[in-house]
Amino acid sequence: MDNPLLRLYRSKIYTAVMMLVFLLGIGVLGYRFISGFEWLDALYMTVITITTVGFAEVNPLDAQSKVFTIFLILASVVIVGYALSIITEFILNRNNIEDIKQRKMQKKIDAMTNHIIICGYGRNGKQAAKKLSDYGKPFVIIERNKDIIEKFQDDDIIFIEGNANEDEILFSAGIAKASTLICALPNDADNLFVVLSARQINSNLTIISRASEETSYNKLKLAGANNVILPDRIGGDHMASLVVIPDLVEFIDNLGIVGERNINIEEVKVEQLYNINEVKTIRDLDLRRKTGCTVIGFKDDNGDYIINPEAETKLIPGSKIIVLGRPEQIIKLNSKYNIV
């Protein structure tokens, strides 16, 4: 979405252009029906009168035509002068407007903590941004293509224009205070360089990178990426799964986040569910009775997963549970335990 001041200038320019068109139309019609000129001659007389270039009249003007010309000249002085002043002011202040917009954007970024940075707003970057937006997660997008920024920027999406390979741009995106970096650049070498730079700046950062070539996987992991995604491999596996187990894949595709109020699977830290001074079990929480949600997974403090955990599984500090439920049940869970 454009800056309000920029929209105001554009509105004034549109108004000035419409006034000029209206003045031109009045002039042509006046000379055609008051002076009896042909259409082309009427247009010619209108143009030389409005622009005050001083060329000779097509034919001598009678009294009515002279009076009309006087009013046309006076009107053109006001309207043309207004149009020129608006256009000149817009050109002179356009850079200032962009600077104001950038400072406003930077102020928002500086106030962020534990946000996500997305490098690149191509196909994968857009998908990541949509998913994060559905989940209400704050994020910043680094994109070098100005046309893409102007096309997609609005009040809900924060862009930084620049090359993610540059440390200055990463700092502008708040990498020192960010929780996660998603490298979605189309070139593996660029992703590798960004991963190296980001890991040096913020050692606690969770870094997720895409890779086009399988040979880049180990390099990105070695550079500091926590996860490396190969979109082509995932796409091929998904298509094959639709042949082998189509109904199961369709069911899994319907899980997750499909809108702000249509979440049916959630990951929750145990610290959000009870006072961890006294360790409880899944049975003690009794989430099924309280919220309708079912615990389908458990991740311990070492990062190991248990699928369909037992009811006596202890919810130790630092662990997480994965729950499944209908959207209204997930909302009830979040509301009951004040999960944001």
# chains A, B, ... in the order shown; residues from 1 in each chain; ligands from 1

$ select_by_dssp --residues "range 31-139 of chain A" --states "strand (DSSP E)" --output "list in words"
Ile116, Ile117, Ile118, Cys119 and Phe139 of chain A

$ write_last_selection --atoms "all heavy atoms" --output "PDB file, in the first residue's frame"
ATOM      1  N   ILE A 116      10.820 -13.268  12.406  1.00  0.00           N
ATOM      2  CA  ILE A 116      11.378 -14.121  11.346  1.00  0.00           C
ATOM      3  C   ILE A 116      11.799 -13.237  10.182  1.00  0.00           C
ATOM      4  O   ILE A 116      11.093 -12.294   9.824  1.00  0.00           O
ATOM      5  CB  ILE A 116      10.345 -15.163  10.864  1.00  0.00           C
ATOM      6  CG1 ILE A 116       9.972 -16.102  12.017  1.00  0.00           C
ATOM      7  CG2 ILE A 116      10.896 -15.974   9.700  1.00  0.00           C
ATOM      8  CD1 ILE A 116       8.690 -15.768  12.705  1.00  0.00           C
ATOM      9  N   ILE A 117      12.932 -13.547   9.603  1.00  0.00           N
ATOM     10  CA  ILE A 117      13.424 -12.830   8.425  1.00  0.00           C
ATOM     11  C   ILE A 117      13.345 -13.780   7.232  1.00  0.00           C
ATOM     12  O   ILE A 117      13.867 -14.898   7.289  1.00  0.00           O
ATOM     13  CB  ILE A 117      14.868 -12.341   8.622  1.00  0.00           C
ATOM     14  CG1 ILE A 117      14.946 -11.364   9.797  1.00  0.00           C
ATOM     15  CG2 ILE A 117      15.386 -11.670   7.347  1.00  0.00           C
ATOM     16  CD1 ILE A 117      16.371 -10.954  10.161  1.00  0.00           C
ATOM     17  N   ILE A 118      12.702 -13.345   6.175  1.00  0.00           N
ATOM     18  CA  ILE A 118      12.611 -14.125   4.935  1.00  0.00           C
ATOM     19  C   ILE A 118      13.465 -13.447   3.874  1.00  0.00           C
ATOM     20  O   ILE A 118      13.253 -12.277   3.545  1.00  0.00           O
ATOM     21  CB  ILE A 118      11.155 -14.225   4.442  1.00  0.00           C
ATOM     22  CG1 ILE A 118      10.262 -14.866   5.499  1.00  0.00           C
ATOM     23  CG2 ILE A 118      11.077 -15.015   3.144  1.00  0.00           C
ATOM     24  CD1 ILE A 118       8.787 -14.874   5.139  1.00  0.00           C
ATOM     25  N   CYS A 119      14.429 -14.161   3.350  1.00  0.00           N
ATOM     26  CA  CYS A 119      15.293 -13.627   2.298  1.00  0.00           C
ATOM     27  C   CYS A 119      14.776 -14.087   0.937  1.00  0.00           C
ATOM     28  O   CYS A 119      14.859 -15.279   0.610  1.00  0.00           O
ATOM     29  CB  CYS A 119      16.737 -14.088   2.496  1.00  0.00           C
ATOM     30  SG  CYS A 119      17.473 -13.572   4.050  1.00  0.00           S
ATOM     31  N   PHE A 139       7.166 -10.979  10.778  1.00  0.00           N
ATOM     32  CA  PHE A 139       8.280 -11.290   9.883  1.00  0.00           C
ATOM     33  C   PHE A 139       8.652 -10.069   9.038  1.00  0.00           C
ATOM     34  O   PHE A 139       7.858  -9.148   8.852  1.00  0.00           O
ATOM     35  CB  PHE A 139       7.942 -12.481   8.974  1.00  0.00           C
ATOM     36  CG  PHE A 139       6.747 -12.267   8.080  1.00  0.00           C
ATOM     37  CD1 PHE A 139       6.874 -11.726   6.807  1.00  0.00           C
ATOM     38  CD2 PHE A 139       5.479 -12.610   8.525  1.00  0.00           C
ATOM     39  CE1 PHE A 139       5.771 -11.537   5.997  1.00  0.00           C
ATOM     40  CE2 PHE A 139       4.362 -12.433   7.721  1.00  0.00           C
ATOM     41  CZ  PHE A 139       4.512 -11.897   6.457  1.00  0.00           C
TER      42      PHE A 139
END

$ residues_around --residues "range 131-138 of chain A" --least-positions-apart "2" --cutoff "12 Å" --atoms "only C-alpha atoms" --output "PyMOL selection string"
chain A and resi 108-109+111-118+124-129+140-141+156-158+173-174+178-180+182+256-267+340

$ write_last_selection --atoms "N, CA and C atoms" --output "short mmCIF file (atom, residue, chain, number, x, y, z; two decimals), in the first residue's frame"
data_model
loop_
_atom_site.label_atom_id
_atom_site.label_comp_id
_atom_site.auth_asym_id
_atom_site.auth_seq_id
_atom_site.Cartn_x
_atom_site.Cartn_y
_atom_site.Cartn_z
N LYS A 108 9.39 0.25 12.72
CA LYS A 108 8.64 -0.96 13.04
C LYS A 108 9.58 -2.14 13.26
N ILE A 109 10.59 -2.25 12.40
CA ILE A 109 11.54 -3.36 12.52
C ILE A 109 12.34 -3.26 13.81
N ALA A 111 11.47 -2.18 16.55
CA ALA A 111 10.65 -2.54 17.71
C ALA A 111 10.38 -4.04 17.80
N MET A 112 10.79 -4.79 16.79
CA MET A 112 10.52 -6.23 16.76
C MET A 112 11.57 -7.01 17.56
N THR A 113 11.13 -8.12 18.14
CA THR A 113 12.02 -9.10 18.75
C THR A 113 11.48 -10.49 18.45
N ASN A 114 12.40 -11.45 18.34
CA ASN A 114 12.02 -12.85 18.05
C ASN A 114 11.16 -12.96 16.80
N HIS A 115 11.45 -12.15 15.82
CA HIS A 115 10.70 -12.20 14.56
C HIS A 115 11.43 -13.10 13.57
N ILE A 116 10.82 -13.27 12.41
CA ILE A 116 11.38 -14.12 11.35
C ILE A 116 11.80 -13.24 10.18
N ILE A 117 12.93 -13.55 9.60
CA ILE A 117 13.42 -12.83 8.43
C ILE A 117 13.35 -13.78 7.23
N ILE A 118 12.70 -13.34 6.18
CA ILE A 118 12.61 -14.13 4.94
C ILE A 118 13.47 -13.45 3.87
N ASN A 124 8.85 -19.62 -3.11
CA ASN A 124 8.97 -20.17 -1.76
C ASN A 124 8.83 -19.10 -0.69
N GLY A 125 9.36 -17.91 -0.95
CA GLY A 125 9.25 -16.82 0.00
C GLY A 125 7.81 -16.40 0.23
N LYS A 126 7.02 -16.37 -0.84
CA LYS A 126 5.60 -16.01 -0.73
C LYS A 126 4.84 -17.04 0.09
N GLN A 127 5.14 -18.33 -0.16
CA GLN A 127 4.45 -19.39 0.58
C GLN A 127 4.79 -19.30 2.07
N ALA A 128 6.07 -19.05 2.37
CA ALA A 128 6.48 -18.92 3.77
C ALA A 128 5.80 -17.73 4.44
N ALA A 129 5.74 -16.59 3.71
CA ALA A 129 5.12 -15.38 4.27
C ALA A 129 3.63 -15.61 4.53
N VAL A 140 9.89 -10.12 8.54
CA VAL A 140 10.43 -9.08 7.66
C VAL A 140 10.95 -9.77 6.41
N ILE A 141 10.71 -9.16 5.26
CA ILE A 141 11.15 -9.74 3.99
C ILE A 141 12.27 -8.88 3.40
N ASP A 156 0.61 -4.85 6.19
CA ASP A 156 0.85 -6.09 6.92
C ASP A 156 2.17 -6.76 6.56
N ILE A 157 2.80 -6.33 5.49
CA ILE A 157 4.06 -6.94 5.06
C ILE A 157 5.17 -5.88 5.08
N ILE A 158 6.23 -6.18 5.80
CA ILE A 158 7.35 -5.26 5.92
C ILE A 158 8.48 -5.73 5.02
N ALA A 173 17.29 -5.57 8.93
CA ALA A 173 16.13 -6.46 9.13
C ALA A 173 16.03 -6.94 10.57
N GLY A 174 16.96 -6.53 11.41
CA GLY A 174 16.91 -6.90 12.83
C GLY A 174 17.39 -8.29 13.12
N ALA A 178 16.36 -11.36 15.87
CA ALA A 178 15.44 -12.29 15.22
C ALA A 178 15.57 -13.69 15.82
N SER A 179 14.54 -14.49 15.65
CA SER A 179 14.57 -15.88 16.13
C SER A 179 14.87 -16.86 15.01
N THR A 180 14.45 -16.49 13.79
CA THR A 180 14.56 -17.42 12.67
C THR A 180 14.90 -16.68 11.38
N ILE A 182 14.81 -17.46 7.20
CA ILE A 182 14.42 -18.35 6.11
C ILE A 182 15.10 -17.86 4.83
N GLY A 256 -2.87 -28.50 9.66
CA GLY A 256 -2.00 -27.34 9.71
C GLY A 256 -2.77 -26.05 9.72
N ILE A 257 -2.19 -25.06 9.07
CA ILE A 257 -2.72 -23.70 9.14
C ILE A 257 -3.29 -23.33 7.79
N VAL A 258 -4.57 -23.05 7.76
CA VAL A 258 -5.21 -22.64 6.51
C VAL A 258 -5.98 -21.34 6.70
N GLY A 259 -5.62 -20.59 7.69
CA GLY A 259 -6.29 -19.33 7.98
C GLY A 259 -6.22 -19.04 9.46
N GLU A 260 -6.43 -17.80 9.80
CA GLU A 260 -6.26 -17.36 11.18
C GLU A 260 -7.14 -18.15 12.14
N ARG A 261 -8.35 -18.52 11.74
CA ARG A 261 -9.27 -19.22 12.64
C ARG A 261 -9.54 -20.64 12.15
N ASN A 262 -8.63 -21.20 11.37
CA ASN A 262 -8.81 -22.54 10.85
C ASN A 262 -7.59 -23.41 11.13
N ILE A 263 -6.99 -23.24 12.29
CA ILE A 263 -5.83 -24.02 12.68
C ILE A 263 -6.33 -25.31 13.32
N ASN A 264 -5.83 -26.47 12.87
CA ASN A 264 -6.27 -27.73 13.48
C ASN A 264 -5.12 -28.57 14.02
N ILE A 265 -3.92 -28.04 14.03
CA ILE A 265 -2.80 -28.72 14.66
C ILE A 265 -1.90 -27.66 15.29
N GLU A 266 -1.44 -27.94 16.49
CA GLU A 266 -0.72 -26.91 17.24
C GLU A 266 0.43 -27.53 18.02
N GLU A 267 1.54 -26.79 18.12
CA GLU A 267 2.69 -27.19 18.93
C GLU A 267 2.72 -26.29 20.16
N VAL A 340 -0.49 -17.52 22.92
CA VAL A 340 -0.53 -16.51 21.86
C VAL A 340 0.09 -17.08 20.60
#

$ closest_residue --among "A:Asp301, A:Met19, A:Asp284, A:Ala223" --to "Ala83 in chain A" --atoms "only C-alpha atoms"
A:Met19

$ residues_around --residues "Ala311 in chain A" --least-positions-apart "6" --cutoff "10 Å" --atoms "only C-alpha atoms" --output "JSON, numbers by chain"
{"A": [281, 282, 283, 284, 285, 286, 295]}
